[in-house]
$ cat final14.txt   # compact mmCIF, C-alpha atoms
# COMPACT_ATOMS: atom_id res chain seq x y z
CA MET D 25 59.97 26.70 52.81
CA ALA D 26 60.72 24.52 55.83
CA ARG D 27 64.32 23.53 56.34
CA PRO D 28 65.16 19.88 57.09
CA VAL D 29 66.59 19.06 60.50
CA TRP D 30 67.98 15.71 59.28
CA ARG D 31 69.07 14.32 55.92
CA GLY D 32 69.55 10.63 55.29
CA SER D 33 67.59 7.61 54.16
CA ILE D 34 65.03 5.01 55.20
CA GLY D 35 66.43 1.50 55.05
CA PHE D 36 64.52 -1.79 55.21
CA GLY D 37 65.70 -5.04 53.68
CA LEU D 38 67.77 -4.06 50.65
CA VAL D 39 65.65 -0.95 49.99
CA ASN D 40 67.13 2.50 50.60
CA ILE D 41 65.00 5.65 50.20
CA PRO D 42 66.70 9.08 50.52
CA VAL D 43 64.56 11.38 52.68
CA ASN D 44 64.61 14.64 54.61
CA ILE D 45 63.07 15.11 58.06
CA TYR D 46 61.29 18.29 59.17
CA THR D 47 59.73 19.37 62.46
CA ALA D 48 55.99 18.73 62.33
CA THR D 49 54.83 21.07 65.08
CA GLU D 50 55.53 24.59 66.30
CA SER D 51 54.74 26.34 69.55
CA HIS D 52 52.49 29.41 69.50
CA GLN D 53 53.04 30.16 73.17
CA PRO D 54 54.02 33.80 73.86
CA GLU D 55 57.76 33.89 74.48
CA LEU D 56 58.39 35.30 77.93
CA HIS D 57 61.83 36.46 79.10
CA GLN D 58 63.20 37.39 82.50
CA TYR D 59 63.66 41.04 83.49
CA ASP D 60 64.88 42.89 86.55
CA ALA D 61 61.80 44.11 88.46
CA LYS D 62 63.47 47.39 89.47
CA THR D 63 65.10 48.52 86.21
CA GLY D 64 63.06 46.58 83.66
CA LYS D 65 66.25 45.47 81.94
CA ARG D 66 66.66 42.00 80.46
CA VAL D 67 68.40 39.36 82.57
CA ARG D 68 71.08 37.52 80.58
CA TYR D 69 73.03 34.37 81.32
CA ARG D 70 76.66 33.74 80.55
CA ARG D 71 78.61 30.53 80.08
CA VAL D 72 81.32 30.75 82.74
CA ILE D 73 83.76 28.27 84.20
CA GLU D 74 82.66 27.07 87.61
CA GLY D 75 84.36 28.94 90.43
CA THR D 76 85.56 31.72 88.12
CA ASN D 77 84.17 34.64 86.14
CA ALA D 78 85.82 33.48 82.90
CA GLU D 79 83.35 33.14 80.02
CA VAL D 80 83.74 30.07 77.79
CA PRO D 81 83.54 30.42 73.97
CA TYR D 82 80.71 28.38 72.46
CA GLN D 83 83.07 26.32 70.27
CA GLN D 84 85.10 25.32 73.31
CA ILE D 85 82.23 23.57 75.09
CA VAL D 86 82.13 19.75 74.99
CA ASP D 87 80.00 17.11 76.66
CA GLY D 88 81.19 15.13 79.63
CA TYR D 89 80.18 12.41 82.06
CA GLU D 90 80.96 12.43 85.78
CA VAL D 91 82.14 8.89 86.58
CA ARG D 92 82.72 9.76 90.23
CA LYS D 93 83.11 12.86 92.37
CA ASN D 94 85.70 15.24 90.86
CA LYS D 95 86.36 12.80 88.00
CA VAL D 96 84.85 13.80 84.66
CA VAL D 97 85.39 12.17 81.25
CA LEU D 98 85.17 14.72 78.41
CA LEU D 99 83.76 13.52 75.07
CA THR D 100 84.09 15.03 71.60
CA ASP D 101 81.37 14.95 68.94
CA GLU D 102 83.35 12.34 67.00
CA GLU D 103 83.66 10.09 70.06
CA LEU D 104 79.94 10.36 70.74
CA ALA D 105 79.17 9.46 67.12
CA ALA D 106 81.46 6.42 67.39
CA ALA D 107 79.35 5.08 70.28
CA HIS D 108 76.30 4.62 68.06
CA PRO D 109 75.99 1.08 66.64
CA ARG D 110 74.73 2.28 63.22
CA GLY D 111 75.44 5.13 60.90
CA GLY D 112 73.95 8.48 61.78
CA HIS D 113 72.15 9.03 58.47
CA THR D 114 69.91 5.98 58.13
CA LEU D 115 66.57 5.24 59.72
CA GLU D 116 66.89 1.46 59.77
CA LEU D 117 63.43 -0.13 60.03
CA GLU D 118 63.67 -3.38 61.99
CA GLU D 119 60.03 -4.51 61.97
CA PHE D 120 56.51 -3.48 61.01
CA VAL D 121 53.83 -3.64 63.70
CA LYS D 122 50.18 -2.73 64.26
CA ILE D 123 50.00 0.85 65.49
CA GLU D 124 47.41 -0.18 68.11
CA ALA D 125 50.13 -2.21 69.83
CA ILE D 126 52.05 0.98 70.70
CA ASP D 127 50.78 2.97 73.67
CA PRO D 128 50.93 6.75 73.05
CA ILE D 129 53.03 7.19 76.21
CA ALA D 130 56.00 5.89 74.20
CA TRP D 131 55.86 8.77 71.70
CA ASN D 132 58.05 11.79 72.28
CA HIS D 133 58.19 14.20 69.32
CA THR D 134 56.69 14.24 65.83
CA TYR D 135 58.48 14.99 62.55
CA PHE D 136 57.39 14.96 58.92
CA VAL D 137 59.41 12.81 56.52
CA GLY D 138 59.59 13.85 52.89
CA PRO D 139 61.33 12.30 49.86
CA ASP D 140 64.61 13.84 48.79
CA GLN D 141 63.60 15.57 45.56
CA ALA D 142 67.10 15.70 44.12
CA SER D 143 67.55 11.92 44.30
CA GLY D 144 64.30 10.98 42.56
CA ALA D 145 63.05 9.08 45.63
CA ARG D 146 59.39 10.09 45.26
CA LYS D 147 58.29 6.79 43.65
CA ALA D 148 59.90 4.56 46.29
CA TYR D 149 58.59 6.87 49.02
CA ALA D 150 55.01 6.55 47.72
CA VAL D 151 55.26 2.77 47.43
CA LEU D 152 56.40 2.45 51.05
CA ARG D 153 53.69 4.79 52.34
CA GLU D 154 50.89 3.08 50.42
CA ALA D 155 52.06 -0.43 51.34
CA MET D 156 52.09 0.43 55.06
CA ALA D 157 48.67 2.07 54.73
CA ASP D 158 47.20 -0.99 52.99
CA LEU D 159 48.58 -3.36 55.64
CA LYS D 160 47.76 -0.96 58.50
CA ARG D 161 51.26 -1.37 59.87
CA VAL D 162 53.96 1.08 60.93
CA GLY D 163 57.71 0.74 60.78
CA VAL D 164 59.81 0.66 63.94
CA GLY D 165 63.54 1.34 63.95
CA ARG D 166 66.33 3.48 65.34
CA ILE D 167 67.61 6.86 64.24
CA VAL D 168 70.45 9.10 65.39
CA MET D 169 69.51 12.78 65.61
CA HIS D 170 71.46 15.54 67.33
CA ALA D 171 74.08 13.03 68.55
CA LYS D 172 71.43 10.90 70.31
CA GLN D 173 69.95 7.59 69.30
CA TYR D 174 66.15 7.32 69.35
CA LEU D 175 63.70 4.52 68.93
CA ALA D 176 61.30 5.72 66.24
CA THR D 177 57.98 4.91 64.59
CA LEU D 178 57.43 5.65 60.88
CA ARG D 179 53.78 5.78 59.85
CA PRO D 180 51.55 6.96 57.00
CA PHE D 181 50.13 10.42 57.66
CA LYS D 182 47.70 11.89 55.14
CA THR D 183 49.68 12.19 51.87
CA GLY D 184 53.09 11.53 53.43
CA LEU D 185 54.97 9.92 56.27
CA ALA D 186 55.35 10.99 59.90
CA LEU D 187 58.08 9.94 62.27
CA GLU D 188 57.67 9.82 66.04
CA THR D 189 60.76 9.59 68.19
CA MET D 190 60.01 7.31 71.12
CA PHE D 191 61.12 6.67 74.66
CA PHE D 192 62.85 3.37 75.29
CA ALA D 193 60.96 1.01 77.60
CA ASP D 194 63.25 1.63 80.59
CA GLU D 195 62.65 5.40 80.29
CA ILE D 196 58.96 5.02 81.14
CA ARG D 197 58.27 4.98 84.86
CA ASP D 198 56.19 2.28 86.54
CA ILE D 199 52.72 3.67 87.19
CA ASP D 200 52.42 1.51 90.30
CA GLU D 201 54.92 3.90 91.90
CA ILE D 202 52.27 6.60 91.57
CA VAL D 203 48.99 4.83 92.28
CA GLY D 204 50.32 2.06 94.54
CA GLY D 205 50.34 -1.43 93.13
CA ASP D 206 49.07 -3.10 96.32
CA ALA D 207 46.35 -0.62 97.23
CA LYS D 208 43.74 -1.34 94.57
CA ALA D 209 40.51 0.62 94.96
CA SER D 210 37.26 -1.22 94.39
CA SER D 211 34.01 0.08 92.95
CA SER D 212 30.45 -1.12 93.08
CA PRO D 213 28.36 -1.89 89.97
CA ARG D 214 26.11 1.08 90.87
CA GLU D 215 29.06 3.47 91.04
CA ARG D 216 30.44 2.22 87.74
CA GLY D 217 27.00 2.47 86.15
CA MET D 218 26.61 6.12 87.14
CA ALA D 219 30.15 6.90 85.99
CA LYS D 220 29.40 5.24 82.63
CA SER D 221 26.20 7.29 82.30
CA LEU D 222 28.16 10.49 82.92
CA ILE D 223 30.82 9.52 80.38
CA GLU D 224 28.21 8.59 77.76
CA SER D 225 26.36 11.88 78.30
CA MET D 226 29.60 13.73 77.52
CA ALA D 227 30.54 11.57 74.52
CA GLY D 228 31.47 13.46 71.37
CA THR D 229 33.33 13.31 68.09
CA TRP D 230 36.98 14.38 68.22
CA ARG D 231 37.70 17.65 66.45
CA HIS D 232 41.15 19.03 67.13
CA ASP D 233 40.29 22.59 66.07
CA ARG D 234 37.54 22.74 68.70
CA TYR D 235 40.15 23.14 71.44
CA GLU D 236 41.82 26.52 71.57
CA ASP D 237 44.63 27.78 73.79
CA SER D 238 42.64 30.01 76.14
CA TYR D 239 45.69 30.71 78.30
CA ARG D 240 47.62 32.15 75.35
CA ASP D 241 44.68 34.36 74.32
CA ASN D 242 44.13 35.58 77.88
CA LEU D 243 47.83 36.30 78.38
CA LEU D 244 48.13 38.33 75.17
CA ALA D 245 44.97 40.28 76.05
CA LEU D 246 46.39 41.00 79.52
CA VAL D 247 49.71 42.19 78.04
CA LYS D 248 47.84 44.47 75.62
CA ARG D 249 45.78 46.00 78.44
CA LYS D 250 48.82 46.53 80.65
CA ALA D 251 50.78 48.07 77.76
CA LYS D 252 48.04 50.73 77.55
CA GLY D 253 48.59 51.56 81.21
CA GLU D 254 45.59 49.74 82.58
CA VAL D 255 45.88 48.51 86.17
CA ILE D 256 45.27 44.76 86.28
CA GLU D 257 43.21 43.51 89.19
CA THR D 258 44.19 39.98 90.12
CA LYS D 259 42.00 37.45 91.87
CA ALA D 260 43.01 34.36 93.77
CA ALA D 261 42.58 31.17 91.78
CA PRO D 262 39.52 29.16 92.90
CA GLN D 263 40.33 26.19 95.09
CA ALA D 264 39.38 22.82 93.68
CA GLY D 265 36.68 21.05 95.65
CA ARG D 266 37.36 17.63 97.08
CA VAL D 267 35.07 14.71 96.33
CA ILE D 268 33.84 13.43 99.67
CA ASP D 269 30.78 11.49 98.55
CA LEU D 270 31.45 9.93 95.15
CA MET D 271 27.84 8.94 94.51
CA GLU D 272 26.57 12.42 95.35
CA ALA D 273 29.20 13.98 93.07
CA LEU D 274 28.18 11.66 90.23
CA LYS D 275 24.50 12.53 90.75
CA GLN D 276 25.26 16.25 90.68
CA SER D 277 27.40 15.85 87.57
CA LEU D 278 24.72 13.89 85.78
CA GLY D 279 22.26 16.65 86.66
CA LYS D 280 24.52 19.14 84.85
CA SER D 281 25.27 16.88 81.88
CA PRO D 282 23.98 17.68 78.35
CA ALA D 283 21.83 14.54 78.26
CA ALA D 284 20.16 15.42 81.57
CA ALA D 285 19.43 18.93 80.29
CA VAL D 286 17.77 17.51 77.16
CA ASP D 287 15.66 15.09 79.20
CA SER D 288 14.62 17.88 81.56
CA ALA D 289 13.60 20.10 78.64
CA ARG D 290 11.53 17.33 77.12
CA ARG D 291 9.74 16.70 80.41
CA THR D 292 8.92 20.38 80.86
CA GLY D 293 7.98 20.95 77.22
CA GLY D 294 10.93 23.24 76.62
CA ALA D 295 13.56 23.32 73.89
CA THR D 296 15.32 20.05 73.20
CA ARG D 297 18.38 21.56 71.62
CA ARG D 298 21.50 19.77 72.86
CA PRO D 299 23.76 22.27 74.63
CA LYS D 300 27.51 22.49 74.09
CA PRO D 301 29.30 19.85 76.21
CA THR D 302 30.94 21.13 79.38
CA MET D 303 33.56 19.61 81.62
CA ALA D 304 32.22 17.87 84.74
CA ALA D 305 32.45 19.82 87.97
CA THR D 306 34.02 16.95 89.85
CA ARG D 307 37.65 17.05 90.82
CA SER D 308 39.87 14.33 92.19
CA LYS D 309 41.14 14.42 95.75
CA GLY D 310 44.66 15.15 94.58
CA GLY D 311 43.80 18.40 92.79
CA PRO D 312 42.17 19.86 89.67
CA GLN D 313 41.76 17.81 86.54
CA SER D 314 43.69 18.76 83.44
CA SER D 315 41.94 19.58 80.20
CA PRO D 316 43.07 19.54 76.58
CA GLN D 317 43.35 23.34 76.70
CA SER D 318 45.86 23.17 79.56
CA ARG D 319 48.19 20.52 78.19
CA THR D 320 50.83 23.03 77.18
CA GLY D 321 52.11 25.69 79.51
CA THR D 322 54.55 28.49 78.91
CA ARG D 323 58.09 29.08 79.94
CA THR D 324 58.35 31.70 82.61
CA GLY D 325 62.03 32.28 82.19
CA THR D 326 64.94 32.04 79.83
CA ARG D 327 66.55 28.67 79.59
CA SER D 328 70.26 28.36 80.01
CA PRO D 329 71.90 28.15 76.59
CA SER D 330 72.80 24.64 75.47
CA LYS D 331 75.09 23.43 72.76
CA LYS D 332 73.33 22.43 69.53
CA ARG D 333 74.70 20.06 66.96
CA ALA D 334 73.87 19.67 63.32
CA ALA D 335 72.19 16.39 62.52

$ encode --input "final14.txt" --output "structure tokens"
Amino acid sequence: MARPVWRGSIGFGLVNIPVNIYTATESHQPELHQYDAKTGKRVRYRRVIEGTNAEVPYQQIVDGYEVRKNKVVLLTDEELAAAHPRGGHTLELEEFVKIEAIDPIAWNHTYFVGPDQASGARKAYAVLREAMADLKRVGVGRIVMHAKQYLATLRPFKTGLALETMFFADEIRDIDEIVGGDAKASSSPRERGMAKSLIESMAGTWRHDRYEDSYRDNLLALVKRKAKGEVIETKAAPQAGRVIDLMEALKQSLGKSPAAAVDSARRTGGATRRPKPTMAATRSKGGPQSSPQSRTGTRTGTRSPSKKRAA
């Protein structure tokens, strides 16, 4: 049985619904640690005072903020809690909005929200979920978790409720810093038409289970082979090609698209079975494109221990 990471209540108007919050996702990435290449022994990290070799007990560690060089203000858990404008055990919904109005870039981490069984909150929980589903609106409010305040979205999800912690607006960088706000690229109708044809030829229906973590599978297979004593031959990663002639790249991509293959088969009297969609061979000038399979990487080392607080 999953253990809640937060206990409290949902508040909106005069309504108060006791709930528990659980993590909604889990990583299946192989956990890699750091080892000494010569001895094969695990590399460990210690919490030591800067400039000394004295190790600090976990319970003695507090947070702090450097106001200027060599001047640090230390803060206790109680002082941090006092800085929050609302209580730490209520998700206070401030408004209900259309979910389409929220860009996914604002979402940070997903949790499941369940009714507190001991308090008999199931009825009120169901009413809130069904009312939001009927109106196609989601609740937006603030919640304090792990001594940090988050903006959060509460939405119907299947038979329950899901909560997404969100970034505040000033935490999202301006994309013009990346692409250049003044240097707008232009495209011709012909270029856009060919790009649209390529996109349409690769159109499909979203199925989450279609995308598997090929890196994880390959890594575990490699570890298994090496554990048996097999010598692993490594090859240099292929270099991504640069698009010099956009129109030529679009033509070549269309020639390799599923729709083009079907048309070719029909013209030659061959099979008309639609092949499995493949990613286009084009790459941007800045480097290789990312794919859904490569969204999550793996940690190549052991993170420095950090202090955890109970919600």

$ atom_distance --input "final14.txt" --atom1 "atom CA of D:Pro262" --atom2 "atom CA of D:Ser277"
18.8 Å

$ atom_distance --input "final14.txt" --atom1 "atom CA of D:Ser33" --atom2 "atom CA of D:Arg146"
12.4 Å

$ atom_distance --input "final14.txt" --atom1 "atom CA of D:Phe120" --atom2 "atom CA of D:Gly163"
4.4 Å

$ axis_aligned_box --input "final14.txt" --around "stretch 70-80 of chain D" --padding-each-side "4 Å" --output "JSON"
{"center_x": 81.2, "center_y": 30.9, "center_z": 84.1, "size_x": 17.2, "size_y": 15.6, "size_z": 20.6}

$ closest_residue --input "final14.txt" --among "D:Ala260, D:Ala186, D:Ile199, D:Val247" --to "D:Ile129" --atoms "only C-alpha atoms"
D:Ile199

$ closest_residue --input "final14.txt" --among "D:Arg234, D:Gly184, D:Thr258, D:His57" --to "D:Leu152" --atoms "all atoms listed in the file"
D:Gly184

$ closest_residue --input "final14.txt" --among "D:Ile45, D:Arg240, D:Leu104, D:Arg216" --to "D:Val86" --atoms "only C-alpha atoms"
D:Leu104

$ residues_around --input "final14.txt" --residues "D:Val164" --least-positions-apart "2" --cutoff "6 Å" --atoms "only C-alpha atoms" --output "list in words"
Leu117, Glu118, Glu119, Ala176 and Thr177 of chain D
